[in-house]
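J.: Structure: work-v6.cif, mmCIF, C-alpha atoms.
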data_model
loop_
_atom_site.label_atom_id
_atom_site.label_comp_id
_atom_site.auth_asym_id
_atom_site.auth_seq_id
_atom_site.Cartn_x
_atom_site.Cartn_y
_atom_site.Cartn_z
CA MET A 1 94.27 100.91 109.41
CA ASN A 2 96.50 102.63 106.89
CA ALA A 3 98.97 100.22 105.32
CA VAL A 4 101.05 103.07 103.92
CA GLU A 5 101.30 106.51 105.42
CA THR A 6 103.55 109.54 105.13
CA ASP A 7 103.72 112.74 107.11
CA ARG A 8 105.39 115.79 105.55
CA LEU A 9 107.82 113.45 103.83
CA THR A 10 110.65 115.39 102.18
CA ARG A 11 113.76 114.38 100.29
CA ILE A 12 116.34 116.83 99.02
CA PHE A 13 119.20 115.93 96.64
CA GLY A 14 121.76 118.71 96.74
CA ARG A 15 119.77 121.76 95.76
CA VAL A 16 116.84 119.82 94.28
CA CYS A 17 113.80 119.07 96.40
CA ALA A 18 112.61 115.83 94.77
CA VAL A 19 109.81 115.16 97.26
CA HIS A 20 108.35 118.10 99.11
CA SER A 21 106.28 117.67 102.28
CA VAL A 22 104.12 114.79 101.04
CA THR A 23 101.38 113.63 103.40
CA LEU A 24 99.29 110.69 102.28
CA GLN A 25 97.34 107.73 103.65
CA VAL A 26 96.65 104.46 101.86
CA PRO A 27 94.10 102.29 103.67
CA GLU A 28 94.66 98.55 103.75
CA GLY A 29 93.32 96.88 100.62
CA ALA A 30 93.30 100.05 98.50
CA VAL A 31 95.04 100.76 95.21
CA PHE A 32 96.75 104.15 95.33
CA GLY A 33 97.58 105.58 91.92
CA LEU A 34 100.37 108.11 91.64
CA LEU A 35 100.12 110.20 88.51
CA GLY A 36 102.81 112.58 87.35
CA ALA A 37 105.03 113.58 84.47
CA ASN A 38 108.72 112.69 84.21
CA GLY A 39 110.64 114.29 87.05
CA ALA A 40 107.55 114.91 89.20
CA GLY A 41 109.13 112.93 92.04
CA LYS A 42 107.17 109.66 91.76
CA SER A 43 110.21 107.36 91.80
CA THR A 44 111.83 109.15 94.73
CA LEU A 45 108.56 108.93 96.68
CA LEU A 46 108.35 105.18 95.99
CA ARG A 47 111.99 104.66 96.96
CA LEU A 48 111.27 106.45 100.24
CA LEU A 49 108.24 104.19 100.82
CA ALA A 50 110.36 101.12 100.05
CA GLY A 51 112.92 102.26 102.59
CA HIS A 52 115.67 102.48 99.97
CA LEU A 53 116.19 106.17 100.69
CA LYS A 54 116.47 108.07 103.94
CA PRO A 55 114.06 111.01 104.21
CA THR A 56 115.60 114.45 104.62
CA SER A 57 112.68 115.20 106.94
CA GLY A 58 109.23 113.82 107.68
CA ILE A 59 108.36 110.15 107.91
CA ALA A 60 107.09 107.27 105.79
CA SER A 61 105.43 104.30 107.51
CA ILE A 62 104.66 100.86 106.14
CA LEU A 63 102.25 98.68 108.13
CA GLY A 64 102.53 101.01 111.09
CA ARG A 65 106.34 101.07 111.27
CA PRO A 66 108.91 103.48 109.81
CA ALA A 67 109.94 102.53 106.27
CA TYR A 68 113.52 103.61 106.94
CA PRO A 69 115.79 101.96 107.90
CA PRO A 70 114.65 98.84 106.02
CA VAL A 71 114.66 95.81 108.33
CA PRO A 72 113.77 92.25 107.27
CA ALA A 73 110.55 92.27 109.32
CA ARG A 74 109.39 95.07 107.02
CA TRP A 75 110.79 94.25 103.61
CA LEU A 76 109.62 90.66 103.85
CA ARG A 77 106.07 92.07 103.86
CA LEU A 78 106.81 94.40 100.97
CA GLY A 79 107.08 93.88 97.22
CA TYR A 80 108.80 96.59 95.20
CA VAL A 81 109.19 96.96 91.46
CA SER A 82 111.64 99.75 90.74
CA GLN A 83 112.44 101.49 87.50
CA SER A 84 116.16 100.87 87.60
CA ARG A 85 117.93 97.75 86.32
CA TYR A 86 119.47 96.71 89.60
CA LEU A 87 119.38 92.90 89.27
CA PRO A 88 122.80 91.23 88.73
CA ALA A 89 123.32 91.26 84.97
CA TRP A 90 125.43 88.09 84.84
CA MET A 91 122.83 85.84 86.49
CA THR A 92 120.29 83.79 84.59
CA ILE A 93 116.63 84.23 85.51
CA GLY A 94 116.68 80.80 87.18
CA GLN A 95 119.74 81.66 89.27
CA CYS A 96 118.20 84.99 90.24
CA LEU A 97 114.98 83.30 91.42
CA ASP A 98 116.96 80.72 93.46
CA PHE A 99 119.09 83.49 94.97
CA ALA A 100 116.03 85.52 96.02
CA ARG A 101 114.31 82.41 97.35
CA ALA A 102 117.19 81.72 99.73
CA MET A 103 116.63 85.10 101.36
CA ARG A 104 112.88 84.92 101.78
CA PRO A 105 111.26 82.47 104.18
CA ARG A 106 107.76 82.99 102.81
CA TRP A 107 108.70 82.17 99.18
CA ASP A 108 105.67 80.70 97.37
CA VAL A 109 107.11 78.06 95.02
CA GLY A 110 103.81 77.28 93.31
CA LYS A 111 103.07 80.94 92.63
CA VAL A 112 106.53 81.60 91.20
CA GLU A 113 106.16 78.62 88.84
CA ARG A 114 102.68 79.72 87.83
CA LEU A 115 103.73 83.32 87.14
CA SER A 116 106.94 82.28 85.34
CA ARG A 117 104.93 80.04 83.03
CA ARG A 118 102.29 82.68 82.45
CA PHE A 119 104.93 85.31 81.69
CA GLU A 120 106.90 82.80 79.58
CA LEU A 121 110.11 83.71 81.39
CA PRO A 122 113.16 82.11 79.72
CA LEU A 123 114.84 80.67 82.86
CA ASP A 124 118.20 80.12 81.10
CA ALA A 125 118.46 83.66 79.73
CA ARG A 126 120.94 86.05 81.32
CA ILE A 127 119.48 89.14 82.93
CA ARG A 128 121.71 91.42 80.83
CA ASP A 129 120.05 90.07 77.68
CA LEU A 130 116.46 90.59 78.80
CA SER A 131 114.12 92.95 76.98
CA ARG A 132 112.29 95.63 78.97
CA GLY A 133 109.19 93.42 78.95
CA HIS A 134 110.90 90.35 80.35
CA TYR A 135 112.87 92.38 82.88
CA VAL A 136 109.69 93.94 84.30
CA ARG A 137 108.00 90.54 84.41
CA LEU A 138 110.93 89.07 86.33
CA GLN A 139 110.82 91.99 88.76
CA ILE A 140 107.12 91.40 89.28
CA VAL A 141 107.61 87.69 89.96
CA LEU A 142 110.31 88.65 92.49
CA ALA A 143 108.09 91.29 94.07
CA LEU A 144 105.10 88.96 94.50
CA ALA A 145 106.89 85.67 95.28
CA HIS A 146 106.58 86.02 99.06
CA ASN A 147 102.93 87.21 98.98
CA PRO A 148 103.68 90.66 100.39
CA GLU A 149 100.90 92.71 101.97
CA VAL A 150 102.14 95.97 100.44
CA ILE A 151 103.12 96.18 96.77
CA LEU A 152 104.96 99.22 95.39
CA LEU A 153 105.12 99.48 91.61
CA ASP A 154 107.13 102.22 89.93
CA GLU A 155 105.81 102.69 86.38
CA PRO A 156 105.59 98.95 85.71
CA THR A 157 103.85 99.45 82.36
CA SER A 158 106.29 101.98 80.89
CA GLY A 159 108.04 100.73 77.78
CA LEU A 160 105.60 97.84 77.29
CA ASP A 161 103.54 97.26 74.17
CA PRO A 162 99.73 97.41 74.61
CA ALA A 163 99.31 93.62 74.85
CA ALA A 164 102.04 93.27 77.49
CA ARG A 165 100.56 96.22 79.37
CA ARG A 166 97.13 94.63 79.41
CA GLU A 167 98.62 91.34 80.60
CA LEU A 168 100.51 93.02 83.40
CA LEU A 169 97.41 94.87 84.57
CA SER A 170 95.40 91.62 84.49
CA MET A 171 98.01 89.95 86.65
CA LEU A 172 97.79 92.89 89.02
CA ILE A 173 93.99 92.62 89.12
CA ASP A 174 94.38 88.99 90.16
CA GLU A 175 96.68 90.07 92.96
CA ILE A 176 94.44 92.94 94.12
CA GLY A 177 91.56 90.49 94.31
CA LEU A 178 93.35 88.73 97.16
CA ARG A 179 92.32 90.04 100.54
CA GLY A 180 94.35 92.68 102.28
CA ARG A 181 96.67 93.62 99.43
CA THR A 182 97.61 97.28 99.36
CA VAL A 183 99.09 98.65 96.16
CA VAL A 184 100.87 101.89 95.34
CA LEU A 185 101.17 102.19 91.58
CA SER A 186 102.83 105.04 89.71
CA SER A 187 102.37 105.77 86.05
CA GLN A 188 102.56 108.48 83.44
CA LEU A 189 99.58 106.88 81.76
CA VAL A 190 96.30 108.32 82.99
CA GLU A 191 94.47 105.30 81.59
CA ASP A 192 96.37 102.81 83.77
CA ILE A 193 95.71 104.85 86.87
CA GLU A 194 92.03 105.37 86.08
CA ARG A 195 91.49 101.67 85.46
CA MET A 196 93.34 100.51 88.55
CA ALA A 197 93.22 103.10 91.32
CA ASP A 198 90.74 103.58 94.17
CA VAL A 199 92.54 106.77 95.14
CA VAL A 200 94.53 108.99 92.79
CA ALA A 201 97.23 111.47 93.72
CA ILE A 202 98.53 113.94 91.16
CA MET A 203 102.18 114.79 91.71
CA ASP A 204 103.94 117.82 90.27
CA GLY A 205 107.27 119.35 91.18
CA GLY A 206 107.74 117.04 94.17
CA SER A 207 104.37 117.83 95.79
CA LEU A 208 100.97 116.17 95.74
CA VAL A 209 98.77 118.80 94.11
CA ALA A 210 95.50 116.82 94.35
CA THR A 211 94.38 113.61 96.03
CA GLY A 212 91.04 111.80 95.92
CA ALA A 213 88.90 109.10 94.36
CA PRO A 214 88.94 109.45 90.55
CA ASP A 215 85.27 110.48 90.53
CA ALA A 216 85.82 113.07 93.27
CA LEU A 217 88.75 114.55 91.36
CA LYS A 218 86.62 114.84 88.25
CA GLY A 219 83.83 116.45 90.30
CA SER A 220 86.30 119.01 91.62
CA ARG A 221 86.82 120.30 88.08
CA SER A 222 83.27 120.10 86.67
CA ARG A 223 82.54 122.30 83.67
CA ILE A 224 79.28 124.17 83.42
CA GLU A 225 78.14 124.25 79.82
CA CYS A 226 75.24 126.42 78.76
CA ALA A 227 73.36 126.03 75.50
CA SER A 228 72.46 129.70 75.45
CA PRO A 229 74.61 132.71 76.29
CA VAL A 230 74.86 133.49 79.99
CA ALA A 231 75.83 136.81 81.51
CA GLU A 232 79.46 136.60 82.55
CA ALA A 233 78.55 138.23 85.85
CA ASP A 234 76.34 135.22 86.61
CA LEU A 235 79.11 132.76 85.73
CA CYS A 236 81.57 134.69 87.89
CA ALA A 237 79.26 134.27 90.89
CA VAL A 238 78.75 130.52 90.42
CA PRO A 239 79.31 128.62 93.69
CA GLY A 240 82.62 126.78 93.96
CA LEU A 241 84.13 128.61 90.98
CA VAL A 242 87.74 127.61 90.42
CA GLU A 243 88.30 129.02 86.98
CA LEU A 244 86.55 130.95 84.27
CA ARG A 245 87.69 130.11 80.74
CA ARG A 246 86.97 132.37 77.84
CA GLY A 247 86.76 130.76 74.44
CA PRO A 248 85.25 131.49 71.03
CA ASP A 249 81.92 129.97 72.14
CA GLY A 250 81.67 132.13 75.25
CA ALA A 251 82.80 131.55 78.81
CA VAL A 252 82.91 128.22 80.59
CA ALA A 253 82.88 128.03 84.37
CA VAL A 254 84.90 125.33 86.11
CA THR A 255 83.48 124.57 89.55
CA ASN A 256 83.99 122.16 92.42
CA GLU A 257 80.32 122.43 93.41
CA PRO A 258 78.46 121.25 90.30
CA ASP A 259 75.06 120.78 91.99
CA GLY A 260 75.18 124.16 93.69
CA ALA A 261 76.26 125.82 90.46
CA ILE A 262 73.33 124.36 88.49
CA GLN A 263 70.82 125.43 91.16
CA PHE A 264 72.34 128.90 91.19
CA LEU A 265 72.02 129.24 87.41
CA ARG A 266 68.46 127.81 87.37
CA ALA A 267 67.48 130.40 89.99
CA ARG A 268 68.74 133.06 87.56
CA GLY A 269 66.62 131.70 84.74
CA VAL A 270 69.38 129.78 82.94
CA GLU A 271 67.57 126.51 82.27
CA ALA A 272 69.79 124.81 79.71
CA ALA A 273 72.91 124.56 81.85
CA THR A 274 74.54 121.15 82.18
CA VAL A 275 77.42 119.81 84.17
CA VAL A 276 80.09 118.05 82.17
CA ALA A 277 82.56 115.96 84.13
CA PRO A 278 86.04 116.16 82.63
CA SER A 279 88.11 113.08 81.91
CA LEU A 280 90.83 112.23 84.40
CA GLU A 281 93.36 113.29 81.78
CA GLU A 282 91.84 116.78 81.58
CA VAL A 283 91.84 116.97 85.38
CA PHE A 284 95.50 115.97 85.41
CA PHE A 285 96.45 118.70 82.94
CA ASP A 286 94.35 121.21 84.89
CA TYR A 287 96.25 120.52 88.08
CA VAL A 288 99.72 120.52 86.58
CA ASN A 289 98.90 123.61 84.50
CA ARG A 290 100.00 122.09 81.26
CA ARG A 291 96.73 122.07 79.46
CA PRO A 292 97.25 121.25 75.79
CA GLN A 293 95.89 124.21 73.81
CA MET B 1 80.08 91.24 77.97
CA GLN B 2 80.07 93.63 75.04
CA LEU B 3 81.00 96.54 77.29
CA LYS B 4 83.96 98.73 76.35
CA ILE B 5 85.17 101.00 79.13
CA ASP B 6 85.53 104.58 77.93
CA ILE B 7 88.15 106.54 79.79
CA THR B 8 88.11 109.57 77.49
CA GLY B 9 84.80 110.82 78.91
CA GLY B 10 83.93 111.90 82.40
CA THR B 11 81.59 109.03 83.32
CA PRO B 12 82.93 107.02 86.26
CA ILE B 13 83.84 103.44 85.37
CA TYR B 14 81.50 101.92 87.96
CA LEU B 15 78.63 103.92 86.46
CA GLN B 16 79.50 102.70 82.96
CA ILE B 17 79.12 99.14 84.26
CA VAL B 18 75.81 99.96 86.01
CA GLU B 19 74.39 101.63 82.90
CA TYR B 20 75.54 98.76 80.70
CA ILE B 21 73.63 96.25 82.87
CA HIS B 22 70.58 98.55 82.81
CA ARG B 23 70.66 98.57 79.02
CA ALA B 24 71.30 94.82 78.77
CA VAL B 25 68.29 94.11 81.02
CA GLY B 26 66.13 96.74 79.31
CA SER B 27 66.77 95.28 75.87
CA GLY B 28 66.24 91.70 77.05
CA ARG B 29 69.85 90.59 76.44
CA LEU B 30 69.93 89.79 80.16
CA LYS B 31 66.85 88.04 81.52
CA PRO B 32 65.65 87.39 85.07
CA GLU B 33 67.69 84.67 86.78
CA ASP B 34 70.53 84.98 84.24
CA PRO B 35 73.92 84.77 86.01
CA LEU B 36 76.40 87.65 85.94
CA PRO B 37 80.15 87.13 85.72
CA SER B 38 81.98 87.13 89.05
CA VAL B 39 83.62 90.37 90.20
CA ARG B 40 87.04 88.92 89.43
CA GLN B 41 86.03 87.66 85.97
CA LEU B 42 84.50 90.99 84.95
CA ALA B 43 87.45 92.95 86.39
CA LEU B 44 89.82 90.86 84.28
CA GLU B 45 87.62 91.12 81.19
CA LEU B 46 87.38 94.92 81.41
CA THR B 47 90.89 95.40 82.89
CA VAL B 48 89.63 97.48 85.80
CA ASN B 49 90.12 97.38 89.54
CA PRO B 50 87.95 94.62 91.11
CA ASN B 51 86.88 97.13 93.78
CA THR B 52 85.25 99.18 91.00
CA VAL B 53 83.29 96.17 89.72
CA ALA B 54 82.27 95.32 93.29
CA ARG B 55 81.01 98.90 93.70
CA ALA B 56 78.93 98.63 90.50
CA TYR B 57 77.42 95.33 91.67
CA LEU B 58 76.60 96.81 95.08
CA GLU B 59 74.86 99.75 93.40
CA LEU B 60 72.87 97.38 91.14
CA GLU B 61 71.94 95.30 94.18
CA HIS B 62 70.65 98.41 95.99
CA GLN B 63 68.64 99.31 92.90
CA GLY B 64 67.04 95.85 92.92
CA PHE B 65 68.52 94.82 89.57
CA ILE B 66 70.64 91.93 90.77
CA TYR B 67 70.90 89.74 93.84
CA LYS B 68 73.50 87.45 95.36
CA ARG B 69 72.93 83.78 96.04
CA PRO B 70 75.37 83.04 98.83
CA GLY B 71 78.16 80.81 97.63
CA GLN B 72 76.82 80.68 94.07
CA GLY B 73 77.09 84.05 92.42
CA THR B 74 75.11 87.03 91.23
CA TYR B 75 71.85 86.85 89.27
CA VAL B 76 69.39 89.19 87.57
CA CYS B 77 66.27 89.91 89.68
CA THR B 78 62.75 89.06 88.52
CA GLN B 79 61.64 92.68 88.79
CA ALA B 80 64.72 93.99 86.94
CA PRO B 81 63.09 94.40 83.48
CA GLY B 82 60.38 96.64 84.96
CA ALA B 83 62.97 98.68 86.82
CA ALA B 84 65.09 98.91 83.66
CA ARG B 85 62.14 100.25 81.68
CA ARG B 86 61.39 102.84 84.36
CA GLU B 87 65.05 103.82 84.38
CA ARG B 88 65.06 104.09 80.58
CA ASN B 89 61.92 106.25 80.65
CA ARG B 90 63.50 108.48 83.25
CA ILE B 91 66.63 108.98 81.13
CA VAL B 92 64.62 109.68 77.96
CA ALA B 93 62.41 112.15 79.86
CA GLU B 94 65.52 113.89 81.19
CA ARG B 95 67.13 114.18 77.75
CA LEU B 96 63.93 115.37 76.08
CA GLY B 97 63.44 117.77 78.97
CA LYS B 98 66.85 119.25 78.34
CA ALA B 99 66.15 119.70 74.63
CA VAL B 100 62.77 121.32 75.38
CA ALA B 101 64.31 123.67 77.95
CA GLU B 102 66.93 124.68 75.39
CA ALA B 103 64.27 125.26 72.75
CA LEU B 104 62.09 127.35 75.08
CA GLN B 105 65.09 129.41 76.10
CA SER B 106 65.82 130.18 72.46
CA GLY B 107 62.31 131.63 72.19
CA MET B 108 60.42 128.82 70.45
CA SER B 109 56.74 128.27 71.22
CA ALA B 110 55.28 124.99 72.46
CA SER B 111 53.54 124.34 69.14
CA GLU B 112 56.75 124.92 67.18
CA ILE B 113 58.52 122.38 69.40
CA GLN B 114 55.63 119.93 68.98
CA GLU B 115 55.86 120.32 65.18
CA ILE B 116 59.57 119.47 65.19
CA PHE B 117 58.97 116.54 67.54
CA ASP B 118 56.34 115.11 65.17
CA GLN B 119 58.71 115.51 62.21
CA VAL B 120 61.49 113.72 64.07
CA MET B 121 59.16 110.87 65.01
CA GLN B 122 57.97 110.50 61.40
CA GLN B 123 61.56 110.52 60.17
CA SER B 124 62.60 107.77 62.61
CA ALA B 125 59.57 105.66 61.71
CA LEU B 126 60.49 106.02 58.04
CA GLU B 127 64.12 105.06 58.69
CA ALA B 128 63.06 102.05 60.74
CA TYR B 129 60.77 100.96 57.90
CA GLU B 130 63.55 101.34 55.31
CA ARG B 131 65.98 99.31 57.39
CA ARG B 132 63.58 96.35 57.49
#
Just give me the structure as structure tokens.
T.:
Amino acid sequence: MNAVETDRLTRIFGRVCAVHSVTLQVPEGAVFGLLGANGAGKSTLLRLLAGHLKPTSGIASILGRPAYPPVPARWLRLGYVSQSRYLPAWMTIGQCLDFARAMRPRWDVGKVERLSRRFELPLDARIRDLSRGHYVRLQIVLALAHNPEVILLDEPTSGLDPAARRELLSMLIDEIGLRGRTVVLSSQLVEDIERMADVVAIMDGGSLVATGAPDALKGSRSRIECASPVAEADLCAVPGLVELRRGPDGAVAVTNEPDGAIQFLRARGVEAATVVAPSLEEVFFDYVNRRPQ
Amino acid sequence: MQLKIDITGGTPIYLQIVEYIHRAVGSGRLKPEDPLPSVRQLALELTVNPNTVARAYLELEHQGFIYKRPGQGTYVCTQAPGAARRERNRIVAERLGKAVAEALQSGMSASEIQEIFDQVMQQSALEAYERR
């Protein structure tokens, strides 16, 4: 069963289409990584999934039910870490935890204590005084306190130093290890997504421009590299050709059928052709057409 | 484990784990009946998705490198060193094959390639001797 699903989900703000006809499926237990630059529409998509925003058209479903309008039966099974500082600034961390606990029947006291200790949360500190690191950690404790089945994380690692980032990911790995947890994680950092995601979606201009397992995405942009010069006519006819790049060292074919391409070139007497899988970062830049030159 | 995950290259993470275990067994750092870390432990150590580690372990199990003792953990198989050596030979043959194909394509003769190969072997033997 898909824990999270959308069908042609669209959200328009005024004249801006923030999310455009997004269709996706996240199977139960999977980690779905949403990769995109600033303004790609990641946060709006997550807010739609969390039920905090009404779709302009299309539908988002969580655990088989519409995400909007948000009803307790749904949000009690959902954990959401947003990017905005929405928690009451005047409360202390301790007060905030007590307040949230009163609203959630499945509050896991032991887990909250464990996480608060691990994150070294200063319970007496006021929320307005928290650093970005402590604020995110508090949000994560709040999001996981009731052991939700679906966890939505909007750029949780942004603004964290490398050690805090690593710690947050470790905590997430612990959580993913529990059975039946489905995670949607957005990030601008390709590394986070590659380390964590079973399925990656690349978002650009409000649309998903590519979706697949990280390895499949890399395979879809395989580069054929030849040690010796190859006739450009041969490269142009390579199976699955998506792009032909001309550089100082000759042409490079980018293909989504690496095995077929190699066989094709071998049959034409090009022996020393190899397939080079690109990094996920290169794939990302390929799809959003912002390849660094 | 001494494994560092490389995300700048194109090699899938699960494959990096598989190849690391191959090398560790091939070099004798991991011996038959040695225990492997649990999926969760290794996922935390490498900071990668536990599903990815589980996939690597499944692949290694299919290849006959490791086996599960129910309720206890994962261990290196008795026949793993032999399999690791075969795997290593296969990889070396593939890489040499590529170099030879490249050389032939550039118009070199078999004896010219052989001459270079002998030189390279002598050079490595010399370097190994000097390092001692």
J.: Could you list, as a PyMOL selection string, every residue within 7 Å of Ser186 in chain A, counting all atoms listed in the file and ignoring same-chain residues fewer than 3 positions away?
T.: chain A and resi 33-35+42+153-155
J.: Just need the residues of chain A within 9 Å of chain B, counting all atoms listed in the file, so spit them out as a tab-separated table (two decimals) with C-alpha atoms, in the frame of the given file.
T.:
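Output below, filename part_28.tsv:
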chain	number	residue	atom	x	y	z
A	30	ALA	CA	93.30	100.05	98.50
A	31	VAL	CA	95.04	100.76	95.21
A	166	ARG	CA	97.13	94.63	79.41
A	169	LEU	CA	97.41	94.87	84.57
A	170	SER	CA	95.40	91.62	84.49
A	171	MET	CA	98.01	89.95	86.65
A	172	LEU	CA	97.79	92.89	89.02
A	173	ILE	CA	93.99	92.62	89.12
A	174	ASP	CA	94.38	88.99	90.16
A	176	ILE	CA	94.44	92.94	94.12
A	177	GLY	CA	91.56	90.49	94.31
A	190	VAL	CA	96.30	108.32	82.99
A	191	GLU	CA	94.47	105.30	81.59
A	192	ASP	CA	96.37	102.81	83.77
A	194	GLU	CA	92.03	105.37	86.08
A	195	ARG	CA	91.49	101.67	85.46
A	196	MET	CA	93.34	100.51	88.55
A	197	ALA	CA	93.22	103.10	91.32
A	198	ASP	CA	90.74	103.58	94.17
A	214	PRO	CA	88.94	109.45	90.55
A	215	ASP	CA	85.27	110.48	90.53
A	218	LYS	CA	86.62	114.84	88.25
A	227	ALA	CA	73.36	126.03	75.50
A	228	SER	CA	72.46	129.70	75.45
A	270	VAL	CA	69.38	129.78	82.94
A	271	GLU	CA	67.57	126.51	82.27
A	272	ALA	CA	69.79	124.81	79.71
A	273	ALA	CA	72.91	124.56	81.85
A	274	THR	CA	74.54	121.15	82.18
A	276	VAL	CA	80.09	118.05	82.17
A	277	ALA	CA	82.56	115.96	84.13
A	278	PRO	CA	86.04	116.16	82.63
A	279	SER	CA	88.11	113.08	81.91
A	280	LEU	CA	90.83	112.23	84.40
A	281	GLU	CA	93.36	113.29	81.78
J.: Counting only C-alpha atoms, select every polymer residue within 12 Å of (114.4, 102.1, 110.4) as defined in the file's coordinates, and provide the selection as a PDB file with C-alpha atoms, in the frame of the given file.
T.:
ATOM      1  CA  LEU A  48     111.270 106.450 100.240  1.00  0.00           C
ATOM      2  CA  LEU A  49     108.240 104.190 100.820  1.00  0.00           C
ATOM      3  CA  ALA A  50     110.360 101.120 100.050  1.00  0.00           C
ATOM      4  CA  GLY A  51     112.920 102.260 102.590  1.00  0.00           C
ATOM      5  CA  HIS A  52     115.670 102.480  99.970  1.00  0.00           C
ATOM      6  CA  LEU A  53     116.190 106.170 100.690  1.00  0.00           C
ATOM      7  CA  LYS A  54     116.470 108.070 103.940  1.00  0.00           C
ATOM      8  CA  PRO A  55     114.060 111.010 104.210  1.00  0.00           C
ATOM      9  CA  ILE A  59     108.360 110.150 107.910  1.00  0.00           C
ATOM     10  CA  ALA A  60     107.090 107.270 105.790  1.00  0.00           C
ATOM     11  CA  SER A  61     105.430 104.300 107.510  1.00  0.00           C
ATOM     12  CA  ILE A  62     104.660 100.860 106.140  1.00  0.00           C
ATOM     13  CA  GLY A  64     102.530 101.010 111.090  1.00  0.00           C
ATOM     14  CA  ARG A  65     106.340 101.070 111.270  1.00  0.00           C
ATOM     15  CA  PRO A  66     108.910 103.480 109.810  1.00  0.00           C
ATOM     16  CA  ALA A  67     109.940 102.530 106.270  1.00  0.00           C
ATOM     17  CA  TYR A  68     113.520 103.610 106.940  1.00  0.00           C
ATOM     18  CA  PRO A  69     115.790 101.960 107.900  1.00  0.00           C
ATOM     19  CA  PRO A  70     114.650  98.840 106.020  1.00  0.00           C
ATOM     20  CA  VAL A  71     114.660  95.810 108.330  1.00  0.00           C
ATOM     21  CA  PRO A  72     113.770  92.250 107.270  1.00  0.00           C
ATOM     22  CA  ALA A  73     110.550  92.270 109.320  1.00  0.00           C
ATOM     23  CA  ARG A  74     109.390  95.070 107.020  1.00  0.00           C
ATOM     24  CA  TRP A  75     110.790  94.250 103.610  1.00  0.00           C
TER      25      TRP A  75
END
J.: What residues come out when you apply the PyMOL selection byres ((chain A and resi 41) around 7) to this file, written as a PyMOL selection string?
T.: chain A and resi 18-19+39-40+42-45+205-206
J.: Tell me, in Å to one decimal, how far CA of Asn38 in chain A is from CA of Glu167 in chain A.
T.: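 Going from CA of Asn38 in chain A over to CA of Glu167 in chain A, I get 23.9 Å.
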J.: What are the centre and the three edge lengths of an axis-aligned box that wraps all atoms of range 91-98 of chain B in the file, given that 3 Å is added to every side, written as lines of an AutoDock Vina configuration file and rounded to one decimal in Å?
T.:
center_x = 64.8
center_y = 114.1
center_z = 78.6
size_x = 10.7
size_y = 16.3
size_z = 11.1
J.: Evaluate the PyMOL selection byres ((chain B and resi 67-80) around 12) and record the selected residues as a ChimeraX atom specification, following the chain and residue labels used in the document.
T.: /B:21-42,54,57-66,81-88
J.: Pull out every residue that the PyMOL selection byres ((chain A and resi 85-98) around 7) matches in the shown coordinates and put them as a list in words.
T.: Gln83, Ser84, Phe99, Ala100, Arg101, Ala102, Leu123, Asp124, Ala125, Arg126, Ile127 and Arg128 of chain A
J.: So how many Å separate CA of Arg117 in chain A and CA of Met1 in chain B, to one decimal?
T.: 27.7 Å
J.: Smallest atom-to-atom distance to Leu217 in chain A: which of A:Ala37, A:Leu244, A:Met103, A:Val283, using only C-alpha atoms?
T.: A:Val283
J.: Please determine, counting all atoms listed in the file, which residue among A:Ala231, A:Arg106, A:Phe284, A:Arg137 has the shortest atom-to-atom distance to Gln188 in chain A.
T.: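 Ranked by minimum distance to Gln188 in chain A, first place goes to A:Phe284.
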J.: Can you tell me, as a PyMOL selection string, what residues are no more than 10 Å from Pro156 in chain A when counting only C-alpha atoms, ignoring any on the same chain fewer than 2 positions away?
T.: chain A and resi 81-83+133+136-137+139-140+152-154+158-160+165+168-169+185-187
J.: Have a look at CA of Asp286 in chain A and CA of Leu24 in chain A and let me know their distance in Å, one decimal.
T.: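 Spanning CA of Asp286 in chain A to CA of Leu24 in chain A is a straight-line distance of 20.9 Å.
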J.: Write out as a short mmCIF file (atom, residue, chain, number, x, y, z; two decimals) with C-alpha atoms, in the coordinates of the input the residues lying within 8 Å of Thr211 in chain A, counting all atoms listed in the file and excluding same-chain residues fewer than 6 positions away.
T.:
data_model
loop_
_atom_site.label_atom_id
_atom_site.label_comp_id
_atom_site.auth_asym_id
_atom_site.auth_seq_id
_atom_site.Cartn_x
_atom_site.Cartn_y
_atom_site.Cartn_z
CA VAL A 199 92.54 106.77 95.14
CA VAL A 200 94.53 108.99 92.79
CA ALA A 201 97.23 111.47 93.72
CA ILE A 202 98.53 113.94 91.16
CA LEU A 217 88.75 114.55 91.36
#
J.: So, counting only C-alpha atoms, which residue among A:Ile224, A:Ala216, A:Ala3, A:Cys236 is closest to Val252 in chain A?
T.: A:Ile224
J.: Taking (115.1, 87.6, 79.3) in the file's coordinates as the center, which residues reach within 7 Å of it, counting all atoms listed in the file, put as a ChimeraX atom specification?
T.: /A:121-122,125-127,129-131,134-135
J.: Take the residues from that selection and put them in a file with C-alpha atoms, as a short mmCIF file (atom, residue, chain, number, x, y, z; two decimals), in the frame of the given file.
T.:
data_model
loop_
_atom_site.label_atom_id
_atom_site.label_comp_id
_atom_site.auth_asym_id
_atom_site.auth_seq_id
_atom_site.Cartn_x
_atom_site.Cartn_y
_atom_site.Cartn_z
CA LEU A 121 110.11 83.71 81.39
CA PRO A 122 113.16 82.11 79.72
CA ALA A 125 118.46 83.66 79.73
CA ARG A 126 120.94 86.05 81.32
CA ILE A 127 119.48 89.14 82.93
CA ASP A 129 120.05 90.07 77.68
CA LEU A 130 116.46 90.59 78.80
CA SER A 131 114.12 92.95 76.98
CA HIS A 134 110.90 90.35 80.35
CA TYR A 135 112.87 92.38 82.88
#
